[in-house]
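Asker: Just model_2.txt, nothing more (compact mmCIF, C-alpha atoms):
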# COMPACT_ATOMS: atom_id res chain seq x y z
CA MET A 1 -10.93 -61.03 13.46
CA ARG A 2 -10.88 -64.61 12.36
CA THR A 3 -11.20 -65.57 8.73
CA PRO A 4 -14.11 -67.88 7.81
CA ALA A 5 -11.73 -70.87 7.81
CA GLU A 6 -10.63 -70.10 11.39
CA ARG A 7 -14.09 -69.54 12.88
CA ARG A 8 -15.33 -71.94 15.52
CA TYR A 9 -18.78 -73.22 14.74
CA VAL A 10 -21.09 -75.19 16.98
CA GLN A 11 -20.94 -78.53 15.21
CA VAL A 12 -21.06 -82.22 15.99
CA GLY A 13 -17.55 -83.38 16.88
CA ARG A 14 -16.33 -79.99 18.15
CA VAL A 15 -14.26 -80.24 21.33
CA VAL A 16 -15.51 -77.87 24.02
CA LEU A 17 -14.24 -76.68 27.38
CA PHE A 18 -16.63 -76.31 30.28
CA VAL A 19 -16.22 -72.86 31.86
CA ARG A 20 -18.96 -73.08 34.51
CA GLY A 21 -20.68 -75.64 36.63
CA PRO A 22 -19.44 -78.83 38.25
CA GLU A 23 -17.48 -79.87 35.14
CA LYS A 24 -15.50 -76.60 34.99
CA ASN A 25 -12.17 -76.92 33.10
CA LYS A 26 -13.06 -80.35 31.68
CA LEU A 27 -13.19 -81.17 27.99
CA GLY A 28 -16.10 -82.69 26.12
CA VAL A 29 -17.29 -83.35 22.58
CA ILE A 30 -20.52 -82.06 21.07
CA VAL A 31 -22.59 -85.13 20.15
CA ASP A 32 -25.83 -83.44 19.09
CA ILE A 33 -27.35 -79.97 18.80
CA ALA A 34 -30.68 -79.70 20.62
CA ASP A 35 -31.57 -76.10 19.76
CA GLN A 36 -29.85 -72.74 19.35
CA ASN A 37 -29.00 -72.57 23.07
CA ARG A 38 -28.29 -76.16 24.11
CA VAL A 39 -26.09 -79.00 22.92
CA LEU A 40 -25.62 -82.61 23.95
CA VAL A 41 -22.07 -83.03 25.24
CA GLU A 42 -20.15 -86.10 26.34
CA GLY A 43 -16.62 -86.29 27.69
CA PRO A 44 -15.08 -89.71 27.15
CA LYS A 45 -12.51 -90.92 29.70
CA PRO A 46 -9.42 -89.71 27.77
CA LEU A 47 -10.71 -86.10 27.86
CA GLY A 48 -12.13 -86.06 31.35
CA PRO A 49 -15.09 -88.10 32.38
CA VAL A 50 -18.19 -86.01 31.70
CA GLN A 51 -21.52 -87.78 31.49
CA ARG A 52 -23.66 -87.23 28.43
CA GLN A 53 -25.85 -84.22 29.19
CA LEU A 54 -27.65 -81.26 27.67
CA VAL A 55 -25.62 -78.12 28.32
CA ASN A 56 -26.35 -74.48 27.67
CA ILE A 57 -23.85 -73.04 25.18
CA LYS A 58 -23.10 -70.24 27.65
CA TYR A 59 -21.44 -72.86 29.89
CA LEU A 60 -19.01 -73.88 27.12
CA GLU A 61 -16.10 -72.44 25.18
CA LEU A 62 -15.52 -73.81 21.70
CA THR A 63 -11.97 -74.93 21.00
CA SER A 64 -10.34 -75.09 17.60
CA LEU A 65 -10.20 -78.91 17.81
CA VAL A 66 -12.67 -81.15 15.99
CA VAL A 67 -12.92 -84.93 16.25
CA LYS A 68 -13.46 -86.15 12.71
CA GLY A 69 -15.86 -88.98 12.01
CA VAL A 70 -18.29 -88.19 14.83
CA GLN A 71 -21.87 -88.76 13.72
CA GLN A 72 -24.92 -87.27 15.33
CA ASN A 73 -25.92 -89.13 18.56
CA ILE A 74 -22.90 -91.45 18.42
CA HIS A 75 -22.64 -93.97 21.27
CA SER A 76 -20.00 -93.73 23.98
CA LYS A 77 -17.68 -96.58 22.88
CA PRO A 78 -17.26 -95.44 19.26
CA LEU A 79 -16.82 -91.84 20.48
CA THR A 80 -14.06 -92.91 22.87
CA ALA A 81 -12.34 -94.82 20.06
CA LEU A 82 -12.50 -91.79 17.74
CA VAL A 83 -11.14 -89.48 20.45
CA GLU A 84 -8.22 -91.82 21.16
CA LYS A 85 -7.55 -92.29 17.43
CA SER A 86 -7.49 -88.54 16.70
CA ASP A 87 -5.24 -87.89 19.74
CA VAL A 88 -7.25 -84.83 20.78
CA LEU A 89 -5.84 -84.73 24.31
CA ALA A 90 -2.24 -84.36 23.08
CA ALA A 91 -3.30 -81.65 20.63
CA TRP A 92 -5.15 -79.83 23.44
CA GLU A 93 -2.14 -79.95 25.77
CA LYS A 94 0.01 -78.27 23.09
CA THR A 95 -2.27 -75.23 22.87
CA ALA A 96 -1.45 -71.98 24.69
CA TRP A 97 -4.93 -72.08 26.24
CA ALA A 98 -4.27 -75.42 27.96
CA LYS A 99 -0.83 -74.27 29.14
CA LYS A 100 -2.35 -71.13 30.65
CA LEU A 101 -4.98 -73.18 32.48
CA ALA A 102 -2.24 -75.49 33.81
CA VAL A 103 -0.26 -72.50 35.14
CA ARG A 104 -3.38 -71.13 36.84
CA GLN A 105 -4.05 -74.50 38.44
CA ALA A 106 -0.44 -74.77 39.65
CA LYS A 107 -0.63 -71.29 41.21
CA ARG A 108 -3.95 -72.17 42.83
CA LEU A 109 -2.36 -75.20 44.50
CA LEU A 110 0.57 -73.27 46.03
CA ASP A 111 0.80 -73.02 49.78
CA ASP A 112 1.86 -69.91 51.70
CA LYS A 113 5.59 -70.57 51.34
CA GLY A 114 5.21 -71.28 47.62
CA ARG A 115 3.35 -67.99 47.07
CA TRP A 116 6.07 -66.15 48.99
CA GLN A 117 8.83 -67.79 46.91
CA LEU A 118 6.97 -66.87 43.73
CA MET A 119 6.68 -63.25 44.89
CA ARG A 120 10.42 -63.07 45.67
CA ALA A 121 11.31 -64.58 42.30
CA LYS A 122 9.18 -61.97 40.52
CA GLN A 123 10.85 -59.18 42.49
CA GLN A 124 14.34 -60.45 41.63
CA ARG A 125 13.43 -60.80 37.96
CA SER A 126 12.03 -57.27 37.96
CA ARG A 127 15.24 -55.88 39.50
CA LEU A 128 17.42 -57.64 36.92
CA ILE A 129 15.31 -56.30 34.07
CA LYS A 130 15.40 -52.79 35.52
CA VAL A 131 19.20 -52.84 35.91
CA ALA A 132 19.69 -54.17 32.38
CA TYR A 133 17.33 -51.53 30.99
CA PHE A 134 19.16 -48.62 32.63
CA LYS A 135 22.56 -50.02 31.66
CA ALA A 136 21.45 -50.17 28.04
CA LYS A 137 19.89 -46.72 28.24
CA ARG A 138 23.00 -45.07 29.67
CA GLY A 139 25.52 -46.99 27.66
CA ASP A 140 26.81 -49.51 30.21
CA ALA A 141 26.90 -46.94 33.05
CA PRO A 142 25.92 -48.31 36.47
CA ALA A 143 22.25 -47.97 37.35
CA LYS A 144 22.82 -45.64 40.31
CA ASP A 145 26.07 -43.98 41.35
CA LYS A 146 26.34 -42.99 44.98
CA LYS A 147 28.06 -39.70 45.61
CA GLU A 148 31.43 -40.11 47.22
CA LYS A 149 31.45 -38.82 50.77
CA PRO A 150 34.55 -37.11 52.19
CA ALA A 151 36.52 -39.33 54.53
CA LYS A 152 36.94 -36.75 57.32
CA LYS A 153 34.93 -33.87 58.71
CA GLU A 154 37.77 -31.43 58.03
CA GLU A 155 37.73 -32.20 54.34
CA ALA A 156 33.98 -31.58 54.32
CA LYS A 157 34.50 -28.14 55.94
CA THR A 158 37.23 -27.16 53.46
CA ALA A 159 35.04 -28.26 50.58
CA ALA A 160 32.18 -26.09 51.90
CA LYS A 161 34.31 -22.90 52.42
CA PRO A 162 35.00 -22.15 48.75
CA LYS A 163 31.30 -22.39 48.01
CA ALA A 164 30.53 -19.87 50.75
CA ALA A 165 33.29 -17.58 49.50
CA ALA A 166 31.89 -17.77 46.00
CA LYS A 167 28.47 -16.74 47.27
CA GLY A 168 29.94 -13.70 49.04
CA LYS A 169 31.77 -12.48 45.91
CA ALA A 170 28.65 -12.74 43.81
CA LYS A 171 26.86 -10.17 45.98
Could you render the structure as structure tokens?

Answerer:
Amino acid sequence: MRTPAERRYVQVGRVVLFVRGPEKNKLGVIVDIADQNRVLVEGPKPLGPVQRQLVNIKYLELTSLVVKGVQQNIHSKPLTALVEKSDVLAAWEKTAWAKKLAVRQAKRLLDDKGRWQLMRAKQQRSRLIKVAYFKAKRGDAPAKDKKEKPAKKEEAKTAAKPKAAAKGKAK
């Protein structure tokens, strides 16, 4: 649970991420609060061009970023200047959230060969981890030892005879 200082409040100047609609995965700034369900959001060019519009809060995710100095119903030019001055885009790109979205987008853009190469890389990584795990577990013993097979059929027969003799003596 977040402490009161870490909570994300709906406030003027809060940077938001669109999670639904035509502006999905674009950033915007809250310019005004209309009521408890809707806010006026604008996305200046540095963040991703989003026209000023009333948006339901359910379509947005609040980020931890706030543009300081934004007044209620600020015009587009001063808002753009404040966004550039506060360097919000660079701060957003450093967050784990933005990095995760970038990875998702990169995976979405892969073609068939790229998806296949990704699958093979995951398999190889999994095998390496598995081998290292079992080596550590067994104390540097190989992961799987194959039983040595006798070189000739005769040796296999002689190896089997003592076992059969031992079974007969036990009765």

Asker: Set the distance at 8 Å and use all atoms listed in the file: which residues neighbour Arg38 in chain A once local chain neighbours fewer than 5 positions away are removed? I'd like the list as a list in words.

Answerer: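 Those residues are Ile33, Leu54, Val55, Asn56 and Ile57 of chain A.
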
Asker: When you count all atoms listed in the file, which of these residues is closest to Gly69 in chain A: A:Leu27, A:Val39, A:Ile129, A:Val83?

Answerer: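 Of A:Leu27, A:Val39, A:Ile129, A:Val83, the one nearest Gly69 in chain A is A:Val83, counting all atoms listed in the file.
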
Asker: Nearest to Arg52 in chain A: which of A:Gln117, A:Ser76, A:Gln71, A:Gln11 is it, counting all atoms listed in the file?

Answerer: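 That would be A:Ser76, the residue with the smallest distance to Arg52 in chain A.
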
Asker: Tell me which of A:Gln123, A:Gly139, A:Val15, A:Arg8 sits closest to Asp87 in chain A, counting all atoms listed in the file.

Answerer: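 Among the listed residues, the smallest separation from Asp87 in chain A belongs to A:Val15.
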
Asker: So the first atom is CA of Ala90 in chain A and the second is CA of Lys24 in chain A; what is the distance between them in Å, to one decimal place?

Answerer: 19.4 Å

Asker: So how far away is CA of Glu84 in chain A from CA of Ala96 in chain A, in Å?

Answerer: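 Computing it gives 21.3 Å between the two atoms.
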
Asker: What's the separation between CA of Lys68 in chain A and CA of Arg20 in chain A, in Å to one decimal place?

Answerer: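 A separation of 26.0 Å between them.
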
Asker: Identify the residues around (-11.9, -94.6, 28.8) within a radius of 10 Å, measuring from only C-alpha atoms in the coordinates stated by the file, and give them as number ranges by chain.

Answerer: A: 43-49, 76-77, 80-81, 83-84

Asker: How big is the axis-aligned box, and where does its centre sit, when it encloses all atoms of range 117-136 of chain A listed in the file and has 4 Å added on every side, reported in Å to one decimal as lines of an AutoDock Vina configuration file?

Answerer:
center_x = 14.6
center_y = -58.2
center_z = 37.5
size_x = 23.9
size_y = 27.2
size_z = 26.9

Asker: For Glu42 in chain A, which residue among A:Gln105, A:Asn25, A:Ser86, A:Asn73 is the nearest when counting only C-alpha atoms?

Answerer: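 Closest residue, counting only C-alpha atoms: A:Asn73.
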
Asker: Tell me which of A:Val12, A:Leu65, A:Leu60, A:Met119 sits closest to Thr95 in chain A, counting only C-alpha atoms.

Answerer: A:Leu65

Asker: Tell me which protein, DNA and RNA residues are within 6 Å of Ile30 in chain A, counting only C-alpha atoms, leaving out same-chain ones fewer than 3 positions away, and put them as a ChimeraX atom specification.

Answerer: /A:12-14,40-41
